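J.: query_32.tsv is reproduced in full below (TSV, C-alpha atoms and all ligand atoms).
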chain	number	residue	atom	x	y	z
A	1	MET	CA	39.56	-2.57	-50.19
A	2	ALA	CA	42.45	-0.62	-48.65
A	3	ASN	CA	42.01	0.32	-45.00
A	4	GLU	CA	42.32	4.06	-45.78
A	5	SER	CA	40.01	4.10	-48.79
A	6	VAL	CA	36.98	6.38	-49.04
A	7	GLY	CA	34.75	3.33	-49.61
A	8	ARG	CA	36.00	1.71	-46.40
A	9	THR	CA	35.42	4.91	-44.41
A	10	PHE	CA	31.80	5.11	-45.62
A	11	LEU	CA	31.24	1.42	-44.99
A	12	VAL	CA	32.45	1.68	-41.38
A	13	ALA	CA	30.39	4.84	-40.81
A	14	PHE	CA	27.32	3.14	-42.25
A	15	LEU	CA	27.76	0.02	-40.12
A	16	VAL	CA	28.23	2.08	-36.94
A	17	CYS	CA	25.07	4.09	-37.72
A	18	PHE	CA	23.11	0.94	-38.55
A	19	VAL	CA	24.06	-0.83	-35.31
A	20	CYS	CA	23.32	2.31	-33.25
A	21	SER	CA	19.93	2.77	-34.89
A	22	LEU	CA	19.07	-0.84	-34.11
A	23	LEU	CA	20.05	-0.29	-30.49
A	24	VAL	CA	18.04	2.92	-30.17
A	25	SER	CA	14.89	1.59	-31.84
A	26	GLY	CA	15.15	-1.68	-29.93
A	27	THR	CA	15.39	0.18	-26.62
A	28	ALA	CA	12.49	2.48	-27.55
A	29	ALA	CA	10.30	-0.48	-28.50
A	30	GLY	CA	11.31	-2.33	-25.35
A	31	LEU	CA	10.46	0.66	-23.17
A	32	ARG	CA	7.08	1.33	-24.79
A	33	ALA	CA	5.33	-1.36	-22.78
A	34	LYS	CA	6.86	-0.05	-19.56
A	35	LYS	CA	5.84	3.52	-20.42
A	36	GLU	CA	2.27	2.42	-21.06
A	37	ARG	CA	2.20	0.48	-17.79
A	38	ASP	CA	3.57	3.50	-15.89
A	39	ALA	CA	0.95	5.79	-17.47
A	40	LEU	CA	-1.80	3.37	-16.44
A	41	LEU	CA	-0.48	3.17	-12.87
A	42	ALA	CA	-0.28	6.97	-12.73
A	43	GLN	CA	-3.92	7.15	-13.81
A	44	TYR	CA	-4.87	4.64	-11.09
A	45	ARG	CA	-2.94	6.61	-8.47
A	46	ASN	CA	-4.45	9.98	-9.47
A	47	VAL	CA	-8.02	8.68	-9.29
A	48	LEU	CA	-7.40	6.81	-6.02
A	49	ALA	CA	-5.76	9.91	-4.50
A	50	VAL	CA	-8.75	12.15	-5.26
A	51	ALA	CA	-11.06	9.47	-3.81
A	52	ASN	CA	-8.84	9.61	-0.72
A	53	LEU	CA	-7.88	5.94	-1.07
A	54	MET	CA	-4.16	6.28	-1.82
A	55	ASP	CA	-1.97	4.54	0.62
A	56	ARG	CA	1.80	4.40	0.11
A	57	GLU	CA	1.93	0.79	1.22
A	58	ALA	CA	-0.96	-0.37	-0.94
A	59	ASP	CA	-0.77	-2.38	-4.13
A	60	VAL	CA	-2.23	0.22	-6.49
A	61	THR	CA	-3.49	-2.28	-9.07
A	62	ALA	CA	-5.18	-4.47	-6.44
A	63	LEU	CA	-6.76	-1.41	-4.80
A	64	TRP	CA	-7.99	-0.20	-8.19
A	65	GLN	CA	-9.50	-3.56	-9.09
A	66	GLU	CA	-11.17	-3.90	-5.72
A	67	ARG	CA	-12.60	-0.38	-5.42
A	68	ILE	CA	-12.93	1.29	-8.83
A	69	THR	CA	-15.37	0.61	-11.66
A	70	PRO	CA	-14.47	2.73	-14.70
A	71	ARG	CA	-17.25	3.55	-17.17
A	72	LEU	CA	-17.42	5.62	-20.32
A	73	VAL	CA	-20.11	8.31	-20.62
A	74	GLU	CA	-21.51	9.91	-23.74
A	75	LEU	CA	-21.54	13.52	-22.55
A	76	ALA	CA	-24.39	14.77	-24.76
A	77	THR	CA	-26.88	12.20	-23.41
A	78	GLY	CA	-25.26	11.32	-20.09
A	79	ALA	CA	-25.69	7.62	-20.91
A	80	TYR	CA	-23.06	4.94	-20.36
A	81	SER	CA	-21.43	3.55	-23.47
A	82	ASP	CA	-19.54	0.33	-24.06
A	83	ALA	CA	-18.04	1.62	-27.32
A	84	VAL	CA	-14.48	1.47	-25.96
A	85	ASP	CA	-12.63	0.35	-22.86
A	86	PRO	CA	-12.80	3.37	-20.50
A	87	VAL	CA	-9.29	2.77	-19.13
A	88	ALA	CA	-7.66	2.55	-22.56
A	89	TYR	CA	-9.73	5.52	-23.83
A	90	ASP	CA	-7.58	8.59	-24.51
A	91	GLN	CA	-9.82	11.56	-23.79
A	92	ARG	CA	-7.13	14.10	-24.71
A	93	ARG	CA	-6.44	12.54	-28.07
A	94	ALA	CA	-10.17	12.28	-28.80
A	95	ALA	CA	-10.58	15.99	-27.97
A	96	SER	CA	-8.31	16.92	-30.86
A	97	ASP	CA	-9.75	14.39	-33.33
A	98	PRO	CA	-12.48	15.96	-35.52
A	99	GLN	CA	-14.15	12.52	-35.79
A	100	LYS	CA	-14.38	12.21	-32.00
A	101	ASN	CA	-14.71	15.72	-30.65
A	102	ARG	CA	-17.19	18.52	-30.37
A	103	VAL	CA	-16.22	22.12	-31.08
A	104	ILE	CA	-17.44	24.14	-28.10
A	105	PRO	CA	-19.25	27.35	-29.08
A	106	ALA	CA	-17.32	30.31	-27.63
A	107	GLU	CA	-20.21	31.41	-25.39
A	108	GLN	CA	-20.27	27.95	-23.74
A	109	ASP	CA	-16.51	27.56	-23.51
A	110	LEU	CA	-16.04	28.55	-19.88
A	111	ALA	CA	-13.03	26.23	-19.52
A	112	ASP	CA	-11.37	27.82	-22.61
A	113	ILE	CA	-10.58	24.46	-24.20
A	114	LYS	CA	-12.12	25.02	-27.69
A	115	THR	CA	-13.01	21.34	-28.22
A	116	ARG	CA	-13.93	18.41	-26.02
A	117	ALA	CA	-14.11	14.67	-26.58
A	118	ARG	CA	-17.65	13.33	-27.04
A	119	PHE	CA	-17.03	10.63	-24.45
A	120	ALA	CA	-15.46	10.90	-21.02
A	121	PRO	CA	-14.51	8.29	-18.44
A	122	VAL	CA	-16.05	8.31	-14.96
A	123	TYR	CA	-14.85	6.21	-12.04
A	124	LEU	CA	-17.30	4.70	-9.56
A	125	VAL	CA	-15.74	4.11	-6.18
A	126	ARG	CA	-17.11	1.16	-4.23
A	127	ALA	CA	-17.02	0.53	-0.51
A	128	ASP	CA	-18.56	-2.76	0.68
A	129	GLY	CA	-20.29	-3.18	-2.67
A	130	GLU	CA	-22.04	0.20	-2.47
A	131	ILE	CA	-21.04	3.15	-4.66
A	132	GLY	CA	-19.67	5.74	-2.24
A	133	GLN	CA	-18.22	8.27	-4.69
A	134	VAL	CA	-17.95	9.09	-8.36
A	135	VAL	CA	-14.77	10.64	-9.77
A	136	LEU	CA	-15.03	12.90	-12.83
A	137	PRO	CA	-12.11	14.13	-14.95
A	138	VAL	CA	-12.00	17.92	-15.47
A	139	HIS	CA	-9.65	20.28	-17.28
A	140	GLY	CA	-9.38	23.88	-18.39
A	141	LYS	CA	-7.16	26.94	-18.70
A	142	GLY	CA	-5.54	28.67	-15.77
A	143	LEU	CA	-3.16	31.55	-16.42
A	144	TRP	CA	-0.25	29.81	-18.19
A	145	SER	CA	-1.46	26.31	-18.75
A	146	THR	CA	-4.27	23.80	-19.01
A	147	LEU	CA	-4.92	22.20	-15.63
A	148	TYR	CA	-5.94	18.52	-15.60
A	149	GLY	CA	-7.55	16.98	-12.55
A	150	TYR	CA	-10.38	15.05	-10.99
A	151	ILE	CA	-13.30	15.93	-8.74
A	152	ALA	CA	-14.88	13.27	-6.54
A	153	LEU	CA	-18.53	13.61	-5.54
A	154	ALA	CA	-20.64	11.84	-2.92
A	155	PRO	CA	-23.65	9.77	-4.10
A	156	ASP	CA	-25.86	12.90	-3.83
A	157	LEU	CA	-23.78	14.07	-6.85
A	158	LYS	CA	-23.23	17.55	-5.44
A	159	THR	CA	-21.09	17.22	-2.31
A	160	VAL	CA	-17.33	17.21	-2.94
A	161	THR	CA	-15.39	14.34	-1.40
A	162	GLY	CA	-12.07	15.17	-3.07
A	163	PHE	CA	-10.49	17.46	-5.65
A	164	GLY	CA	-7.06	17.89	-7.16
A	165	PHE	CA	-5.00	18.45	-10.27
A	166	TYR	CA	-2.38	15.97	-11.46
A	167	GLU	CA	-0.93	18.15	-14.23
A	168	HIS	CA	-0.57	21.89	-14.77
A	169	GLY	CA	2.04	24.53	-15.55
A	170	GLU	CA	1.00	27.33	-13.16
A	171	THR	CA	3.69	29.20	-11.19
A	172	PRO	CA	4.95	27.40	-8.08
A	173	GLY	CA	3.93	29.42	-5.01
A	174	LEU	CA	1.19	31.32	-6.94
A	175	GLY	CA	-1.17	29.37	-9.21
A	176	GLY	CA	0.83	26.24	-8.30
A	177	GLU	CA	-0.76	26.43	-4.84
A	178	VAL	CA	-3.63	24.43	-6.35
A	179	ASP	CA	-1.48	21.51	-5.18
A	180	ASN	CA	-1.29	22.75	-1.58
A	181	PRO	CA	-2.91	20.04	0.60
A	182	ARG	CA	-4.34	22.70	2.93
A	183	TRP	CA	-6.11	24.44	0.05
A	184	LYS	CA	-7.29	21.13	-1.38
A	185	SER	CA	-8.70	19.99	1.96
A	186	GLN	CA	-11.14	22.95	1.97
A	187	TRP	CA	-13.01	21.40	-0.92
A	188	VAL	CA	-14.30	18.42	1.03
A	189	GLY	CA	-17.95	18.97	1.96
A	190	LYS	CA	-18.47	21.88	-0.45
A	191	GLN	CA	-21.55	21.88	-2.66
A	192	VAL	CA	-20.90	22.19	-6.39
A	193	LEU	CA	-24.51	22.62	-7.55
A	194	ASP	CA	-27.44	24.73	-6.38
A	195	ALA	CA	-30.92	23.29	-5.67
A	196	GLU	CA	-31.78	23.43	-9.40
A	197	GLY	CA	-28.68	21.45	-10.34
A	198	ASN	CA	-26.79	24.42	-11.80
A	199	PRO	CA	-23.04	24.71	-11.08
A	200	ARG	CA	-22.57	27.16	-8.25
A	201	ILE	CA	-19.09	26.30	-6.92
A	202	GLU	CA	-16.69	29.24	-6.81
A	203	VAL	CA	-13.08	29.93	-5.89
A	204	ARG	CA	-13.56	33.37	-4.39
A	205	LYS	CA	-11.15	36.27	-4.44
A	206	GLY	CA	-9.95	36.36	-0.82
A	207	ARG	CA	-11.27	34.29	2.06
A	208	VAL	CA	-14.63	32.66	2.46
A	209	ASP	CA	-16.82	34.20	5.15
A	210	PRO	CA	-17.96	31.13	7.09
A	211	ALA	CA	-21.07	33.01	8.28
A	212	SER	CA	-22.23	33.65	4.71
A	213	PRO	CA	-25.05	31.42	3.40
A	214	ALA	CA	-22.99	31.06	0.20
A	215	ALA	CA	-19.98	29.64	2.09
A	216	ARG	CA	-20.93	26.06	1.28
A	217	PHE	CA	-20.43	26.85	-2.43
A	218	GLN	CA	-17.15	28.74	-1.91
A	219	VAL	CA	-13.44	28.03	-1.48
A	220	ASP	CA	-10.70	30.54	-0.57
A	221	GLY	CA	-8.92	32.19	-3.51
A	222	LEU	CA	-5.23	31.49	-4.12
A	223	SER	CA	-3.39	34.63	-3.08
A	224	GLY	CA	-1.54	36.36	-5.92
A	225	ALA	CA	-3.19	33.97	-8.37
A	226	THR	CA	-6.56	35.43	-9.26
A	227	MET	CA	-6.30	34.19	-12.84
A	228	THR	CA	-5.64	30.58	-11.83
A	229	SER	CA	-8.42	30.77	-9.22
A	230	ARG	CA	-10.86	32.06	-11.82
A	231	GLY	CA	-9.75	29.30	-14.20
A	232	VAL	CA	-10.53	26.66	-11.56
A	233	THR	CA	-14.03	28.11	-11.00
A	234	ASN	CA	-14.68	28.26	-14.73
A	235	LEU	CA	-13.41	24.80	-15.59
A	236	LEU	CA	-15.51	23.25	-12.82
A	237	ARG	CA	-18.59	25.16	-13.88
A	238	TYR	CA	-18.05	24.01	-17.46
A	239	TRP	CA	-17.53	20.32	-16.62
A	240	LEU	CA	-20.38	20.17	-14.09
A	241	GLY	CA	-22.69	22.11	-16.43
A	242	ALA	CA	-24.92	21.30	-19.39
A	243	ASP	CA	-22.11	20.84	-21.93
A	244	GLY	CA	-20.02	18.71	-19.56
A	245	PHE	CA	-21.26	16.09	-17.09
A	246	GLY	CA	-24.61	17.90	-16.49
A	247	PRO	CA	-26.70	15.34	-18.46
A	248	TYR	CA	-24.88	12.45	-16.74
A	249	LEU	CA	-25.43	13.91	-13.26
A	250	GLU	CA	-29.09	14.55	-14.03
A	251	ARG	CA	-29.54	11.01	-15.34
A	252	MET	CA	-27.83	9.47	-12.31
A	253	ARG	CA	-29.97	11.56	-9.98
A	254	ALA	CA	-33.08	10.28	-11.74
A	255	GLU	CA	-31.95	6.63	-12.00
A	256	GLY	CA	-29.91	6.46	-8.79
A	257	LEU	CA	-26.11	6.35	-9.10
A	258	HIS	CA	-25.15	3.06	-10.75
A	259	GLY	CA	-22.31	1.53	-12.75
A	301	LIG	C1	6.33	35.61	-12.70
A	301	LIG	C2	4.86	35.69	-12.44
A	301	LIG	C3	4.13	34.51	-12.31
A	301	LIG	C4	2.75	34.54	-12.08
A	301	LIG	N1	2.05	33.38	-11.98
A	301	LIG	C5	0.72	33.42	-11.80
A	301	LIG	C6	-0.05	32.22	-11.73
A	301	LIG	O1	0.45	31.10	-11.82
A	301	LIG	N2	-1.39	32.35	-11.57
A	301	LIG	C7	-2.01	33.55	-11.47
A	301	LIG	O2	-3.23	33.59	-11.35
A	301	LIG	N3	-1.30	34.69	-11.49
A	301	LIG	C8	0.05	34.65	-11.65
A	301	LIG	N4	0.74	35.82	-11.70
A	301	LIG	C9	0.06	37.05	-11.36
A	301	LIG	C10	-0.77	37.57	-12.49
A	301	LIG	O3	0.09	38.16	-13.40
A	301	LIG	C11	-1.79	38.56	-11.96
A	301	LIG	O4	-1.11	39.65	-11.41
A	301	LIG	C12	-2.62	37.95	-10.87
A	301	LIG	O5	-3.35	36.87	-11.37
A	301	LIG	C13	-3.55	38.92	-10.20
A	301	LIG	O6	-3.92	38.28	-9.01
A	301	LIG	P1	-4.06	39.04	-7.61
A	301	LIG	O7	-5.18	40.03	-7.84
A	301	LIG	O8	-4.42	37.95	-6.66
A	301	LIG	O9	-2.74	39.67	-7.34
A	301	LIG	C14	2.11	35.79	-11.93
A	301	LIG	C15	2.85	36.98	-12.04
A	301	LIG	C16	4.20	36.93	-12.29
A	301	LIG	C17	4.96	38.24	-12.40
Rewrite the structure from the file as structure tokens, please.

T.:
Amino acid sequence: MANESVGRTFLVAFLVCFVCSLLVSGTAAGLRAKKERDALLAQYRNVLAVANLMDREADVTALWQERITPRLVELATGAYSDAVDPVAYDQRRAASDPQKNRVIPAEQDLADIKTRARFAPVYLVRADGEIGQVVLPVHGKGLWSTLYGYIALAPDLKTVTGFGFYEHGETPGLGGEVDNPRWKSQWVGKQVLDAEGNPRIEVRKGRVDPASPAARFQVDGLSGATMTSRGVTNLLRYWLGADGFGPYLERMRAEGLHG
């Protein structure tokens, strides 16, 4: 074949494309394991941070293995399930799978999420063998985005020990102030449920009056971000209520918090 022929040109182009595609797919396949490992480590870090156990120096995997027992909960009954590995379980994917989700009736959909997975992971945090906290995943709509986070509760299952979002798309400086450590620190010690076990926690508009009897259920609003603040109240009330972790919390109160 002559060097300048059409056939030669196509052959060279084909070979270049073939080699490049091998390189790209090889790199993607090689990086997949690393991506999965990074996602797992991020999950470990997010849970440990809400439980106030994150330490820059610490070996995250060792800390996780020593302190955290992940379990999967069937939300409708509140019972533990061994159906799947709770760490590998993809709650977001399950929420959009008709085989694995529940469509939330509009009048119950406080978090504005339309569907939820039937199972959810919970993370029991141990200190000297005893369970000192339980971390629950929560999510729901703010103004612009769905906020994803965790709330950590004391063994009484109503006192907050930590709260925070690890993913959202709210405006920095407005709704994005959900990440402000000063705002987050207010949550510690707040009560999420009333005496009957109903969700009572509220991000108020404005500041909490510390003299008010309701102050223990309230957190300051985010200024200029009423919609995000309302979203946080609503998503917590949904996830701590009857269609969320309510049956689990009730069961654990009856049985005593266990893994
Ligand atoms: C560019 C832009 C970004 C905004 N981002 C947010 C936000 O992230 N969260 C929020 O609740 N309100 C946000 N707002 C404000 C809302 O539009 C709305 O005015 C506000 O929620 C009312 O709250 P306020 O009563 O505290 O002012 C934004 C407004 C503008 C113009």

J.: Could you give me, as CSV, a per-residue list for region 127-176 of chain A showing, wherever an atom lies at most 8 Å from an atom of region 46-54 of chain A, the closest pair of atoms and their distance in Å to one decimal, using all atoms listed in the file and sorting by chain then residue number from low to high?

T.:
residue,atom,partner,partner_atom,distance
A:Gln133,CA,A:Ala51,CA,7.3
A:Val135,CA,A:Val47,CA,7.0
A:Tyr150,CA,A:Val50,CA,6.6
A:Ile151,CA,A:Val50,CA,6.9
A:Ala152,CA,A:Ala51,CA,6.0
A:Thr161,CA,A:Ala51,CA,6.9
A:Gly162,CA,A:Val50,CA,5.0
A:Phe163,CA,A:Val50,CA,5.6
A:Gly164,CA,A:Val50,CA,6.3
A:Tyr166,CA,A:Asn46,CA,6.6

J.: Please write out the residues within 10 Å of ligand LIG 301 (chain A) as a ChimeraX atom specification, counting all atoms listed in the file.

T.: /A:142-145,168-178,205-206,221-231

J.: Measuring between all atoms listed in the file, which one of A:Tyr80, A:Phe217, A:Phe165, A:Phe245 shows the shortest distance to Lys190 (chain A)?

T.: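 Nearest candidate to Lys190 (chain A) out of A:Tyr80, A:Phe217, A:Phe165, A:Phe245: A:Phe217.
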
J.: As an MDAnalysis selection string, please: the residues near Ile113 (chain A) (cut-off 10 Å, all atoms listed in the file, same-chain neighbours under 5 positions excluded).

T.: chainID A and resid 95 103:104 106 139:141 146 235

J.: At most 9 Å from (-18.5, 33.2, -10.7), file frame, only C-alpha atoms: which residues, as JSON, numbers by chain?

T.: {"A": [200, 201, 202, 203, 204, 230, 233, 234, 237]}

J.: Distance CA of Asn180 (chain A)-CA of Pro199 (chain A), one decimal place?

T.: 23.8 Å

J.: Quick one: of A:Ala76, A:Val192, A:Ala88, A:Ala58, who's nearest to Ala215 (chain A), counting all atoms listed in the file?

T.: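 Of A:Ala76, A:Val192, A:Ala88, A:Ala58, the one nearest Ala215 (chain A) is A:Val192, counting all atoms listed in the file.
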
J.: Could you pull the residues within 10 Å of Pro121 (chain A), counting all atoms listed in the file, minus those fewer than 5 positions along the same chain, as number ranges by chain?

T.: A: 70-75, 80-81, 85-91, 135-137

J.: Tell me, in Å to one decimal, how far CA of Val134 (chain A) is from CA of Leu257 (chain A).

T.: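 Taking CA of Val134 (chain A) as the start and CA of Leu257 (chain A) as the end point, the length is 8.6 Å.
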
J.: Just how far from CA of Gly256 (chain A) is CA of Gln65 (chain A), in Å to one decimal?

T.: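 Taking CA of Gln65 (chain A) as the start and CA of Gly256 (chain A) as the end point, the length is 22.7 Å.
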
J.: Given all atoms listed in the file as the basis, pick out the residue of A:Ala62, A:Val12, A:Ala120, A:Leu249 nearest to Ala154 (chain A).

T.: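 Of all the options, A:Leu249 lies closest to Ala154 (chain A).
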
J.: For a quick check of understanding, using all atoms listed in the file, which of A:Gly259, A:Arg207, A:Asp220, A:Ala195 has the smallest distance to Tyr123 (chain A)?

T.: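 Among A:Gly259, A:Arg207, A:Asp220, A:Ala195, it is A:Gly259 that comes nearest to Tyr123 (chain A).
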